file query-v3.cif (mmCIF, C-alpha atoms)
data_query
#
loop_
_atom_site.label_atom_id
_atom_site.label_comp_id
_atom_site.auth_asym_id
_atom_site.auth_seq_id
_atom_site.Cartn_x
_atom_site.Cartn_y
_atom_site.Cartn_z
CA MET A 300 0.00 0.00 0.00
CA ALA A 301 1.24 3.45 -0.90
CA SER A 302 2.38 5.66 1.91
CA LEU A 303 0.28 8.56 3.14
CA LYS A 304 2.67 11.10 1.71
CA GLU A 305 2.63 9.50 -1.74
CA LEU A 306 -1.16 9.45 -1.73
CA ARG A 307 -1.34 13.08 -0.70
CA SER A 308 0.86 14.23 -3.53
CA ARG A 309 -1.04 12.12 -6.05
CA ILE A 310 -4.32 13.65 -4.95
CA ALA A 311 -2.84 17.12 -5.29
CA SER A 312 -1.57 16.43 -8.79
CA VAL A 313 -4.87 14.97 -10.00
CA LYS A 314 -6.68 17.98 -8.56
CA SER A 315 -4.48 20.45 -10.38
CA THR A 316 -4.92 18.52 -13.63
CA GLN A 317 -8.64 18.73 -13.09
CA LYS A 318 -8.44 22.47 -12.70
CA ILE A 319 -6.69 22.75 -16.05
CA THR A 320 -9.09 20.47 -17.89
CA SER A 321 -12.13 22.21 -16.50
CA ALA A 322 -10.71 25.60 -17.49
CA MET A 323 -10.03 24.27 -20.99
CA LYS A 324 -13.54 22.96 -21.14
CA MET A 325 -14.97 26.35 -20.30
CA VAL A 326 -12.76 28.10 -22.82
CA ALA A 327 -13.80 25.62 -25.48
CA ALA A 328 -17.46 26.09 -24.61
CA ALA A 329 -17.16 29.85 -25.01
CA LYS A 330 -15.27 29.50 -28.28
CA LEU A 331 -17.71 26.91 -29.52
CA LYS A 332 -20.56 29.32 -29.18
CA ARG A 333 -18.82 31.90 -31.34
CA ALA A 334 -17.61 29.38 -33.85
CA GLN A 335 -21.06 27.95 -34.18
CA GLU A 336 -22.58 31.38 -34.71
CA GLN A 337 -20.02 32.12 -37.37
CA ALA A 338 -20.65 28.82 -39.11
CA GLU A 339 -24.36 29.47 -39.08
CA ALA A 340 -23.95 33.03 -40.36
CA SER A 341 -22.09 31.77 -43.40
CA ARG A 342 -24.66 29.19 -44.37
CA PRO A 343 -27.06 31.46 -46.30
CA TYR A 344 -24.26 32.43 -48.65
CA ALA A 345 -23.17 28.87 -49.25
CA ALA A 346 -26.75 27.74 -49.77
CA ARG A 347 -27.52 30.45 -52.32
CA MET A 348 -24.25 29.88 -54.07
CA ALA A 349 -25.03 26.18 -54.37
CA ARG A 350 -28.43 27.00 -55.81
CA MET A 351 -27.01 29.32 -58.44
CA LEU A 352 -24.25 26.92 -59.37
CA GLY A 353 -26.71 24.09 -59.52
CA SER A 354 -28.88 25.85 -62.07
CA LEU A 355 -25.85 26.97 -64.05
CA ALA A 356 -24.23 23.57 -64.06
CA ALA A 357 -27.47 21.95 -65.13
CA GLY A 358 -27.59 24.36 -68.06
CA ALA A 359 -23.99 23.69 -69.00
CA ALA A 360 -24.11 19.93 -68.48
CA GLY A 361 -22.80 17.98 -71.44
CA GLY A 362 -21.44 21.08 -73.08
CA GLN A 363 -17.96 22.47 -73.06
CA GLY A 364 -17.81 24.22 -69.74
CA PRO A 365 -14.68 25.58 -68.10
CA ARG A 366 -12.15 23.01 -66.99
CA LEU A 367 -13.06 23.49 -63.35
CA LEU A 368 -16.46 22.03 -64.17
CA THR A 369 -15.54 19.36 -66.67
CA GLY A 370 -12.17 18.28 -65.28
CA THR A 371 -8.98 17.63 -67.20
CA GLY A 372 -10.26 14.43 -68.71
CA LYS A 373 -7.77 12.42 -66.66
CA GLN A 374 -7.86 11.08 -63.14
CA GLU A 375 -4.19 10.47 -62.55
CA VAL A 376 -2.98 12.97 -60.02
CA TYR A 377 -4.98 13.54 -56.86
CA LEU A 378 -4.58 16.50 -54.57
CA LEU A 379 -5.91 15.84 -51.09
CA VAL A 380 -6.50 18.89 -48.96
CA VAL A 381 -6.64 17.74 -45.35
CA ALA A 382 -8.07 20.34 -43.00
CA THR A 383 -7.51 19.66 -39.31
CA ALA A 384 -6.94 21.74 -36.21
CA ASP A 385 -3.63 23.26 -35.16
CA ARG A 386 -3.97 22.05 -31.61
CA GLY A 387 -4.56 18.71 -30.02
CA LEU A 388 -6.37 17.66 -26.85
CA ALA A 389 -9.60 17.49 -28.74
CA GLY A 390 -10.41 13.83 -28.46
CA ALA A 391 -10.38 11.89 -31.70
CA PHE A 392 -11.14 14.97 -33.77
CA ASN A 393 -7.84 15.33 -35.61
CA SER A 394 -6.99 11.68 -35.83
CA SER A 395 -10.31 10.71 -37.35
CA ILE A 396 -9.91 13.23 -40.17
CA ALA A 397 -6.33 12.11 -40.75
CA ARG A 398 -7.37 8.46 -40.68
CA GLU A 399 -9.98 9.01 -43.35
CA ALA A 400 -7.42 10.80 -45.50
CA ALA A 401 -4.83 8.09 -44.92
CA ARG A 402 -7.29 5.41 -45.98
CA ASP A 403 -7.88 7.23 -49.25
CA ILE A 404 -4.19 7.76 -49.80
CA GLU A 405 -3.67 4.00 -49.46
CA ARG A 406 -6.50 3.26 -51.83
CA LEU A 407 -5.34 5.74 -54.46
CA LEU A 408 -1.74 4.59 -54.23
CA SER A 409 -2.78 0.99 -54.66
CA GLU A 410 -4.68 2.01 -57.78
CA GLY A 411 -1.45 3.43 -59.12
CA LYS A 412 -2.46 7.08 -58.91
CA THR A 413 -0.18 9.89 -57.89
CA VAL A 414 -1.17 11.53 -54.63
CA LYS A 415 -0.24 14.95 -53.32
CA VAL A 416 -1.27 16.17 -49.91
CA LEU A 417 -1.81 19.72 -48.79
CA CYS A 418 -2.32 19.98 -45.06
CA ILE A 419 -4.24 22.76 -43.43
CA GLY A 420 -3.48 22.59 -39.72
CA ARG A 421 -0.53 21.14 -37.86
CA LYS A 422 -2.17 18.09 -36.32
CA GLY A 423 -3.16 16.46 -39.57
CA ARG A 424 0.35 16.89 -40.89
CA ASP A 425 1.83 15.35 -37.74
CA VAL A 426 -0.20 12.21 -38.26
CA LEU A 427 0.27 11.93 -42.02
CA ARG A 428 3.96 12.74 -41.89
CA ARG A 429 4.67 9.43 -40.23
CA ASN A 430 3.79 7.38 -43.28
CA TYR A 431 3.44 9.76 -46.17
CA ALA A 432 6.03 12.44 -45.56
CA SER A 433 7.10 12.45 -49.21
CA LEU A 434 3.57 13.14 -50.43
CA ILE A 435 3.00 16.26 -48.38
CA ILE A 436 3.70 19.28 -50.54
CA ASP A 437 3.02 21.90 -47.91
CA THR A 438 1.37 22.65 -44.60
CA LEU A 439 -0.59 25.78 -43.87
CA GLU A 440 -0.60 26.67 -40.22
CA ASP A 441 -2.68 28.98 -38.09
CA VAL A 442 -5.22 29.68 -40.82
CA SER A 443 -8.02 29.64 -38.28
CA LYS A 444 -6.31 31.93 -35.85
CA PRO A 445 -7.94 33.85 -34.25
CA ARG A 446 -10.79 32.70 -36.46
CA PRO A 447 -11.24 31.62 -40.07
CA THR A 448 -11.61 34.54 -42.46
CA PHE A 449 -12.80 34.56 -45.99
CA GLU A 450 -9.64 36.25 -47.26
CA LYS A 451 -7.56 33.39 -45.92
CA SER A 452 -9.78 30.82 -47.61
CA ASP A 453 -9.60 32.80 -50.80
CA GLU A 454 -5.81 32.64 -50.68
CA ILE A 455 -5.90 28.88 -50.28
CA ALA A 456 -8.40 28.58 -53.10
CA GLN A 457 -6.21 30.78 -55.29
CA ARG A 458 -3.26 28.56 -54.59
CA ILE A 459 -5.18 25.43 -55.51
CA LEU A 460 -6.44 27.12 -58.66
CA ASN A 461 -2.95 28.11 -59.70
CA MET A 462 -1.80 24.54 -59.21
CA TYR A 463 -4.71 23.33 -61.27
CA GLU A 464 -3.93 25.73 -64.08
CA ASP A 465 -0.32 24.59 -64.05
CA GLY A 466 -1.59 21.04 -64.46
CA ASP A 467 -0.30 19.86 -61.10
CA PHE A 468 -3.33 17.68 -60.39
CA ASP A 469 -6.52 16.36 -61.98
CA VAL A 470 -8.83 15.83 -59.02
CA CYS A 471 -8.93 17.68 -55.74
CA ASN A 472 -10.61 16.36 -52.61
CA LEU A 473 -11.13 18.20 -49.36
CA TYR A 474 -11.26 16.45 -45.98
CA TYR A 475 -12.80 18.07 -42.96
CA ALA A 476 -15.23 17.35 -40.16
CA ARG A 477 -18.73 18.64 -40.52
CA PHE A 478 -20.06 20.03 -37.27
CA LYS A 479 -23.21 18.31 -36.18
CA SER A 480 -23.21 18.90 -32.45
CA ALA A 481 -20.74 19.29 -29.62
CA ILE A 482 -20.44 15.54 -29.32
CA SER A 483 -20.67 14.56 -32.95
CA GLN A 484 -18.58 15.65 -35.91
CA ILE A 485 -18.83 13.87 -39.21
CA VAL A 486 -15.67 13.41 -41.23
CA THR A 487 -16.50 14.50 -44.73
CA ARG A 488 -14.78 14.09 -48.06
CA GLN A 489 -15.77 16.64 -50.62
CA GLN A 490 -14.70 16.83 -54.21
CA LEU A 491 -13.62 20.36 -55.03
CA VAL A 492 -12.23 19.94 -58.53
CA PRO A 493 -13.86 19.19 -60.88
CA PHE A 494 -16.97 20.69 -59.42
CA ALA A 495 -19.53 18.10 -58.37
CA VAL A 496 -23.14 19.16 -58.15
CA GLU A 497 -24.25 18.46 -54.63
CA GLU A 498 -27.65 18.15 -53.13
CA PRO A 499 -28.44 21.42 -51.42
CA GLN A 500 -27.83 20.73 -47.74
CA GLU A 501 -30.95 22.31 -46.42
CA ALA A 502 -33.19 25.03 -47.73
CA PRO A 503 -33.00 28.17 -45.64
CA GLU A 504 -36.20 28.74 -43.74
CA GLY A 505 -39.04 30.34 -45.64
CA GLU A 506 -37.36 29.63 -48.95
CA PRO A 507 -39.43 28.29 -51.82
CA ALA A 508 -36.55 26.04 -52.80
CA ALA A 509 -38.24 23.69 -55.19
CA ALA A 510 -40.10 26.36 -57.10
CA THR A 511 -36.98 28.15 -58.34
CA ASN A 512 -35.12 25.13 -59.59
CA ASN A 513 -36.65 24.91 -63.02
CA VAL A 514 -36.54 28.55 -63.96
CA VAL A 515 -34.72 29.45 -67.15
CA TYR A 516 -32.37 32.31 -66.43
CA ASP A 517 -31.00 35.02 -68.60
CA TYR A 518 -27.28 35.34 -68.19
CA GLU A 519 -25.45 38.58 -68.15
CA PRO A 520 -22.86 38.95 -69.61
CA ASP A 521 -23.08 35.26 -70.60
CA GLU A 522 -23.11 31.83 -69.09
CA GLU A 523 -19.45 31.12 -69.60
CA ALA A 524 -18.25 34.39 -68.12
CA ILE A 525 -20.37 33.82 -65.05
CA LEU A 526 -19.21 30.25 -64.65
CA ALA A 527 -15.62 31.36 -65.05
CA GLU A 528 -16.06 33.68 -62.10
CA LEU A 529 -18.44 31.63 -60.05
CA LEU A 530 -16.43 28.39 -59.99
CA PRO A 531 -13.26 29.81 -58.42
CA ARG A 532 -15.40 31.70 -55.95
CA ASN A 533 -17.25 28.56 -55.10
CA LEU A 534 -13.95 26.90 -54.30
CA ALA A 535 -13.12 29.63 -51.81
CA VAL A 536 -16.58 29.43 -50.31
CA GLN A 537 -16.34 25.66 -49.88
CA ILE A 538 -12.96 25.97 -48.19
CA TYR A 539 -14.24 28.77 -45.99
CA ASN A 540 -17.20 26.67 -45.09
CA ALA A 541 -14.96 23.71 -44.27
CA LEU A 542 -12.74 25.84 -42.07
CA LEU A 543 -15.71 27.16 -40.15
CA GLU A 544 -17.20 23.72 -39.69
CA ASN A 545 -13.82 22.44 -38.59
CA ASN A 546 -13.38 25.27 -36.16
CA ALA A 547 -16.73 24.65 -34.57
CA GLY A 548 -16.11 20.90 -34.57
CA GLU A 549 -12.72 21.28 -32.96
CA GLN A 550 -14.11 23.33 -30.11
CA GLY A 551 -16.98 20.94 -29.68
CA ALA A 552 -14.68 17.93 -29.62
CA ARG A 553 -12.37 19.63 -27.17
CA MET A 554 -15.23 20.57 -24.92
CA THR A 555 -16.45 16.98 -24.81
CA ALA A 556 -12.97 15.58 -24.32
CA MET A 557 -12.21 18.00 -21.51
CA ASP A 558 -15.56 17.36 -19.91
CA ASN A 559 -14.71 13.66 -19.81
CA ALA A 560 -11.25 14.37 -18.48
CA THR A 561 -12.65 16.57 -15.72
CA ARG A 562 -15.11 13.91 -14.75
CA ASN A 563 -12.45 11.20 -14.73
CA ALA A 564 -10.21 13.37 -12.61
CA GLY A 565 -13.08 13.83 -10.16
CA GLU A 566 -13.54 10.07 -9.88
CA MET A 567 -9.85 9.58 -9.47
CA THR A 568 -9.67 12.06 -6.58
CA LYS A 569 -12.60 10.36 -4.93
CA LYS A 570 -10.93 6.97 -5.16
CA LEU A 571 -7.60 8.27 -3.96
CA SER A 572 -9.17 10.16 -1.06
CA LEU A 573 -10.94 7.02 0.03
CA GLU A 574 -7.72 5.08 -0.05
CA TYR A 575 -5.95 7.88 1.76
CA ASN A 576 -8.53 7.95 4.56
CA ARG A 577 -8.46 4.17 4.90
CA THR A 578 -4.71 4.16 5.15
CA ARG A 579 -4.76 6.96 7.68
CA GLN A 580 -7.33 5.21 9.82
CA ALA A 581 -5.43 1.94 9.61
CA ALA A 582 -2.34 3.72 10.87
CA ILE A 583 -4.24 5.26 13.77
CA THR A 584 -5.81 1.93 14.71
CA LYS A 585 -2.45 0.28 14.55
CA GLU A 586 -0.97 2.88 16.89
CA LEU A 587 -3.87 2.51 19.31
CA ILE A 588 -3.45 -1.25 19.39
CA GLU A 589 0.22 -0.79 20.06
CA ILE A 590 -0.49 1.57 22.98
CA VAL A 591 -3.18 -0.67 24.45
CA SER A 592 -1.11 -3.83 24.21
CA ALA A 593 1.88 -2.04 25.66
CA LYS A 594 -0.24 -0.92 28.60
CA GLU A 595 -1.58 -4.47 29.13
CA ALA A 596 1.92 -5.91 29.12
CA MET A 597 2.96 -3.62 31.93
CA MET B 92 -48.10 49.19 -55.72
CA ALA B 93 -48.50 46.28 -53.41
CA GLU B 94 -45.94 44.05 -55.03
CA LYS B 95 -42.42 44.08 -53.65
CA VAL B 96 -39.09 42.50 -54.41
CA GLU B 97 -37.55 40.37 -51.70
CA PHE B 98 -34.07 41.78 -51.67
CA GLU B 99 -31.23 39.90 -50.03
CA LEU B 100 -27.61 40.90 -49.74
CA VAL B 101 -25.31 38.14 -48.52
CA SER B 102 -21.59 38.16 -47.92
CA PRO B 103 -19.61 35.05 -46.96
CA GLU B 104 -19.52 36.27 -43.37
CA LYS B 105 -23.19 37.02 -42.93
CA LEU B 106 -26.59 37.97 -44.23
CA LEU B 107 -26.37 41.75 -44.47
CA LEU B 108 -29.79 42.69 -45.62
CA SER B 109 -33.05 40.88 -46.18
CA GLN B 110 -36.14 42.95 -46.73
CA PRO B 111 -38.97 43.62 -49.16
CA VAL B 112 -38.25 46.65 -51.33
CA ASP B 113 -39.88 48.44 -54.24
CA MET B 114 -36.77 48.59 -56.34
CA VAL B 115 -33.07 47.94 -56.14
CA VAL B 116 -30.35 49.07 -58.52
CA VAL B 117 -27.43 46.69 -58.86
CA PRO B 118 -24.11 47.44 -60.59
CA GLY B 119 -24.09 44.53 -63.04
CA GLY B 120 -21.07 43.38 -64.98
CA ASP B 121 -22.60 44.79 -68.16
CA GLY B 122 -23.95 47.97 -66.59
CA ASP B 123 -26.29 48.89 -63.79
CA PHE B 124 -29.70 47.32 -63.76
CA GLY B 125 -32.77 48.04 -61.72
CA VAL B 126 -34.91 45.25 -60.37
CA LEU B 127 -38.63 45.77 -60.02
CA PRO B 128 -41.20 43.13 -59.09
CA ARG B 129 -41.80 40.56 -61.84
CA HIS B 130 -38.37 40.99 -63.34
CA ALA B 131 -37.38 38.27 -65.79
CA PRO B 132 -35.18 35.57 -64.19
CA MET B 133 -31.55 36.43 -64.61
CA ILE B 134 -28.11 35.69 -63.27
CA SER B 135 -25.52 38.39 -63.59
CA THR B 136 -22.06 39.20 -62.40
CA VAL B 137 -21.67 42.26 -60.19
CA ARG B 138 -18.83 44.72 -60.61
CA PRO B 139 -17.48 46.82 -57.74
CA GLY B 140 -19.92 49.64 -57.14
CA VAL B 141 -22.92 50.84 -55.22
CA ILE B 142 -26.21 49.07 -54.66
CA SER B 143 -29.09 51.47 -54.18
CA VAL B 144 -32.08 50.21 -52.28
CA TYR B 145 -35.43 51.90 -52.84
CA GLU B 146 -37.66 50.84 -50.01
CA THR B 147 -40.33 53.14 -51.39
CA ARG B 148 -40.41 54.28 -54.97
CA GLN B 149 -39.68 57.90 -54.19
CA ALA B 150 -36.26 57.84 -52.64
CA VAL B 151 -33.16 55.77 -52.01
CA SER B 152 -33.36 54.38 -48.50
CA GLN B 153 -29.95 52.81 -48.35
CA ARG B 154 -26.77 52.60 -50.36
CA LEU B 155 -24.22 49.87 -49.94
CA PHE B 156 -20.85 49.33 -51.48
CA VAL B 157 -20.13 45.90 -52.97
CA ALA B 158 -16.73 44.73 -54.14
CA GLY B 159 -18.15 42.44 -56.79
CA GLY B 160 -20.03 39.17 -56.74
CA PHE B 161 -23.14 37.76 -58.34
CA ALA B 162 -26.80 38.58 -58.52
CA GLU B 163 -29.69 36.23 -59.01
CA VAL B 164 -33.00 37.74 -60.02
CA THR B 165 -36.33 35.98 -60.12
CA PRO B 166 -39.80 37.55 -60.46
CA GLU B 167 -40.14 37.59 -56.66
CA ARG B 168 -36.60 37.94 -55.43
CA CYS B 169 -33.27 39.56 -55.96
CA THR B 170 -30.30 37.93 -54.25
CA VAL B 171 -26.87 39.49 -54.34
CA LEU B 172 -23.92 37.33 -53.35
CA ALA B 173 -21.30 39.91 -52.57
CA VAL B 174 -17.58 39.32 -52.23
CA GLU B 175 -17.47 42.05 -49.68
CA ALA B 176 -20.17 44.54 -48.79
CA GLU B 177 -20.39 47.55 -46.57
CA PRO B 178 -22.96 50.27 -45.96
CA LEU B 179 -21.61 53.56 -47.32
CA GLU B 180 -21.84 55.32 -43.98
CA GLU B 181 -19.46 52.77 -42.46
CA ILE B 182 -16.66 53.31 -44.94
CA ASP B 183 -13.67 55.14 -43.53
CA ARG B 184 -12.29 57.44 -46.20
CA SER B 185 -8.78 57.85 -44.86
CA ALA B 186 -8.39 54.12 -44.14
CA THR B 187 -9.53 53.31 -47.66
CA GLU B 188 -7.10 55.83 -49.14
CA GLN B 189 -4.32 54.25 -47.14
CA GLU B 190 -5.31 50.80 -48.34
CA LEU B 191 -5.34 52.05 -51.91
CA ARG B 192 -1.81 53.39 -51.54
CA ASP B 193 -0.69 50.05 -50.13
CA ALA B 194 -2.38 48.17 -52.92
CA ARG B 195 -0.68 50.36 -55.54
CA GLU B 196 2.64 49.60 -53.93
CA ASP B 197 1.80 45.90 -54.07
CA VAL B 198 1.25 46.21 -57.81
CA ALA B 199 4.68 47.74 -58.16
CA ASP B 200 6.33 45.14 -55.90
CA ALA B 201 4.52 42.09 -57.28
CA LYS B 202 6.94 39.26 -57.89
CA ASP B 203 4.93 37.16 -60.32
CA GLU B 204 1.94 37.24 -62.59
CA HIS B 205 -0.59 35.93 -60.07
CA GLU B 206 0.45 38.37 -57.39
CA LYS B 207 0.26 41.26 -59.78
CA ALA B 208 -3.19 40.30 -61.03
CA ALA B 209 -4.46 40.04 -57.47
CA ALA B 210 -3.02 43.44 -56.55
CA ILE B 211 -4.47 45.11 -59.64
CA LYS B 212 -7.85 43.66 -58.81
CA ARG B 213 -7.55 45.05 -55.30
CA VAL B 214 -6.73 48.51 -56.65
CA THR B 215 -9.79 48.47 -58.90
CA VAL B 216 -12.02 47.54 -55.97
CA LEU B 217 -10.58 50.23 -53.73
CA GLU B 218 -10.90 52.87 -56.43
CA ALA B 219 -14.53 51.94 -56.82
CA LYS B 220 -14.93 52.12 -53.07
CA LEU B 221 -13.53 55.64 -52.91
CA ASP B 222 -15.66 56.59 -55.88
CA ALA B 223 -18.71 55.24 -54.06
CA LEU B 224 -18.13 57.74 -51.29
CA ARG B 225 -19.39 60.58 -53.47
CA PHE B 226 -22.89 59.26 -52.67
CA ALA B 227 -22.26 59.60 -48.98
CA LEU B 228 -23.32 62.76 -47.27
#
call {"tool": "encode", "arguments": {"input": "query-v3.cif", "output": "structure tokens"}}
result
Amino acid sequence: MASLKELRSRIASVKSTQKITSAMKMVAAAKLKRAQEQAEASRPYAARMARMLGSLAAGAAGGQGPRLLTGTGKQEVYLLVVATADRGLAGAFNSSIAREAARDIERLLSEGKTVKVLCIGRKGRDVLRRNYASLIIDTLEDVSKPRPTFEKSDEIAQRILNMYEDGDFDVCNLYYARFKSAISQIVTRQQLVPFAVEEPQEAPEGEPAAATNNVVYDYEPDEEAILAELLPRNLAVQIYNALLENNAGEQGARMTAMDNATRNAGEMTKKLSLEYNRTRQAAITKELIEIVSAKEAM
Amino acid sequence: MAEKVEFELVSPEKLLLSQPVDMVVVPGGDGDFGVLPRHAPMISTVRPGVISVYETRQAVSQRLFVAGGFAEVTPERCTVLAVEAEPLEEIDRSATEQELRDAREDVADAKDEHEKAAAIKRVTVLEAKLDALRFAL
């Protein structure tokens, strides 16, 4: 059995750990609220953009659209953009995104494709670097600090576009975690290039979504010019959206993880205190017995 | 006239404006266009400029600067997806002038084609922004 002194110091250390985890939990909860608000504020834009693109893409389907829409005609080189957090201690948040990406890397490599990886966020790079260090072309750090901005996403999009124009890849996939709730984030793979028409996620409230889908639009200046502008913008919007979802998801995951840690620390202190008290009492009893038996012997 | 246009102005950060209006004038890529109720469906690019909102037919109720984007018009609605939007009264003239100077320097310092194109674009936007200020009181 551990000595009283050892037990005392263990209890103290668990208690101070608990203080840290509960502070982190509260910080994450506060940040989560803001991140969630930000993610929600950006949804109308993304939803309307998707609607416009949907109607445009439907009009251009089969025709000779811009390369961002039709692709390069090959599927040889894949660019995987892996968006994770910059910081850990957020449960399985980072590792589950990285795992999904790693699985796809394996699959693509076994199919004989060339894979390039662009990491957004330190943690994803740390995981992927172990096995695929040679595939990582670059890591962007601190993009979501203090919070994701559209300019930043635009820069990333621009970079991807430049690579695409230089013929550095044929298909681009984005990995991130979609924020569902504080305890649940869904790892999502999204094809950025060539543009894939997606089901609109959810119609904004009070929106006659179905009614507008079959309208024939006039285009000004013309369809191609609009597509040429809209597609790169869409890329930036998707990345922005992913960063926001990630940011909210990260805080949510951290909050849950820290909540668990705080609770575990609480249980641990309880158990240790019990043991401590037992040991203390045993020592007292032992001393009493010694005194009594000494007295009797006299 | 009872009919109104549901006007919405959205930037990536947030929904800036959503209200029924009588008319709105949008700086389209091919020239300004006004949207009244029952406008033919249309999708247009937006160049940097000023959006004028006419809540009633008589007078402009609000002017906002947009740095480009897209507009979607249907008989009932007009949705503007702005790159960047700001009410005119919130624009800071001296800050914008400073930004413009910086952007011009960037054009001069640009190391490659992409950088230069981006800086030139920025200058155009900022010039339009300063120009928009002539509407402000």
call {"tool": "closest_residue", "arguments": {"input": "query-v3.cif", "among": "B:Lys95, B:Glu177, B:Gly119, B:Glu188", "to": "Tyr145 (chain B)", "atoms": "all atoms listed in the file"}}
result
B:Lys95
call {"tool": "interface_residues", "arguments": {"input": "query-v3.cif", "of": "chain B", "to": "chain A", "cutoff": "6 Å", "atoms": "only C-alpha atoms", "output": "list in words"}}
result
Val101, Pro103, Glu104, Lys105, Pro132, Met133, Ile134 and Ser135 of chain B
call {"tool": "axis_aligned_box", "arguments": {"input": "query-v3.cif", "around": "region 366-373 of chain A", "padding_each_side": "3 Å", "output": "lines of an AutoDock Vina configuration file"}}
result
center_x = -12.1
center_y = 18.0
center_z = -66.0
size_x = 14.7
size_y = 17.1
size_z = 11.4
call {"tool": "atom_distance", "arguments": {"input": "query-v3.cif", "atom1": "CA of Leu542 (chain A)", "atom2": "CA of Leu155 (chain B)"}}
result
27.8 Å
call {"tool": "residues_around", "arguments": {"input": "query-v3.cif", "residues": "Glu97 (chain B)", "least_positions_apart": "5", "cutoff": "9 Å", "atoms": "all atoms listed in the file", "output": "VMD selection string"}}
result
chain B and resid 109 to 113 128 167 to 170
call {"tool": "atom_distance", "arguments": {"input": "query-v3.cif", "atom1": "CA of Gly122 (chain B)", "atom2": "CA of Glu163 (chain B)"}}
result
15.1 Å
call {"tool": "resolve_selection", "arguments": {"input": "query-v3.cif", "expression": "the PyMOL selection byres ((chain A and resi 311-328) around 12)", "output": "PyMOL selection string"}}
result
chain A and resi 304-310+329-335+387-389+481-482+546-572
call {"tool": "resolve_selection", "arguments": {"input": "query-v3.cif", "expression": "the PyMOL selection byres ((chain B and resi 126) around 7)", "output": "count of residues only"}}
result
8
call {"tool": "residues_around", "arguments": {"input": "query-v3.cif", "residues": "Glu218 (chain B)", "least_positions_apart": "3", "cutoff": "9 Å", "atoms": "all atoms listed in the file", "output": "mmCIF file with C-alpha atoms, in the frame of the given file"}}
result
data_model
loop_
_atom_site.group_PDB
_atom_site.id
_atom_site.type_symbol
_atom_site.label_atom_id
_atom_site.label_comp_id
_atom_site.auth_asym_id
_atom_site.auth_seq_id
_atom_site.Cartn_x
_atom_site.Cartn_y
_atom_site.Cartn_z
ATOM 1 C CA THR B 187 -9.530 53.310 -47.660
ATOM 2 C CA GLU B 188 -7.100 55.830 -49.140
ATOM 3 C CA LEU B 191 -5.340 52.050 -51.910
ATOM 4 C CA ARG B 213 -7.550 45.050 -55.300
ATOM 5 C CA VAL B 214 -6.730 48.510 -56.650
ATOM 6 C CA THR B 215 -9.790 48.470 -58.900
ATOM 7 C CA LEU B 221 -13.530 55.640 -52.910
ATOM 8 C CA ASP B 222 -15.660 56.590 -55.880
ATOM 9 C CA ALA B 223 -18.710 55.240 -54.060
#
call {"tool": "closest_residue", "arguments": {"input": "query-v3.cif", "among": "B:Val171, B:Leu108, B:Asp123, B:Ala209", "to": "Gln153 (chain B)", "atoms": "all atoms listed in the file"}}
result
B:Leu108
call {"tool": "closest_residue", "arguments": {"input": "query-v3.cif", "among": "A:Ala391, A:Glu464, A:Lys594, A:Thr584", "to": "His205 (chain B)", "atoms": "all atoms listed in the file"}}
result
A:Glu464
call {"tool": "residues_around", "arguments": {"input": "query-v3.cif", "residues": "Val137 (chain B)", "least_positions_apart": "5", "cutoff": "6 Å", "atoms": "only C-alpha atoms", "output": "list in words"}}
result
Pro118, Gly119, Gly120, Gly159, Gly160 and Phe161 of chain B
call {"tool": "write_last_selection", "arguments": {"input": "query-v3.cif", "atoms": "C-alpha atoms", "output": "short mmCIF file (atom, residue, chain, number, x, y, z; two decimals), in the frame of the given file"}}
result
data_model
loop_
_atom_site.label_atom_id
_atom_site.label_comp_id
_atom_site.auth_asym_id
_atom_site.auth_seq_id
_atom_site.Cartn_x
_atom_site.Cartn_y
_atom_site.Cartn_z
CA PRO B 118 -24.11 47.44 -60.59
CA GLY B 119 -24.09 44.53 -63.04
CA GLY B 120 -21.07 43.38 -64.98
CA GLY B 159 -18.15 42.44 -56.79
CA GLY B 160 -20.03 39.17 -56.74
CA PHE B 161 -23.14 37.76 -58.34
#
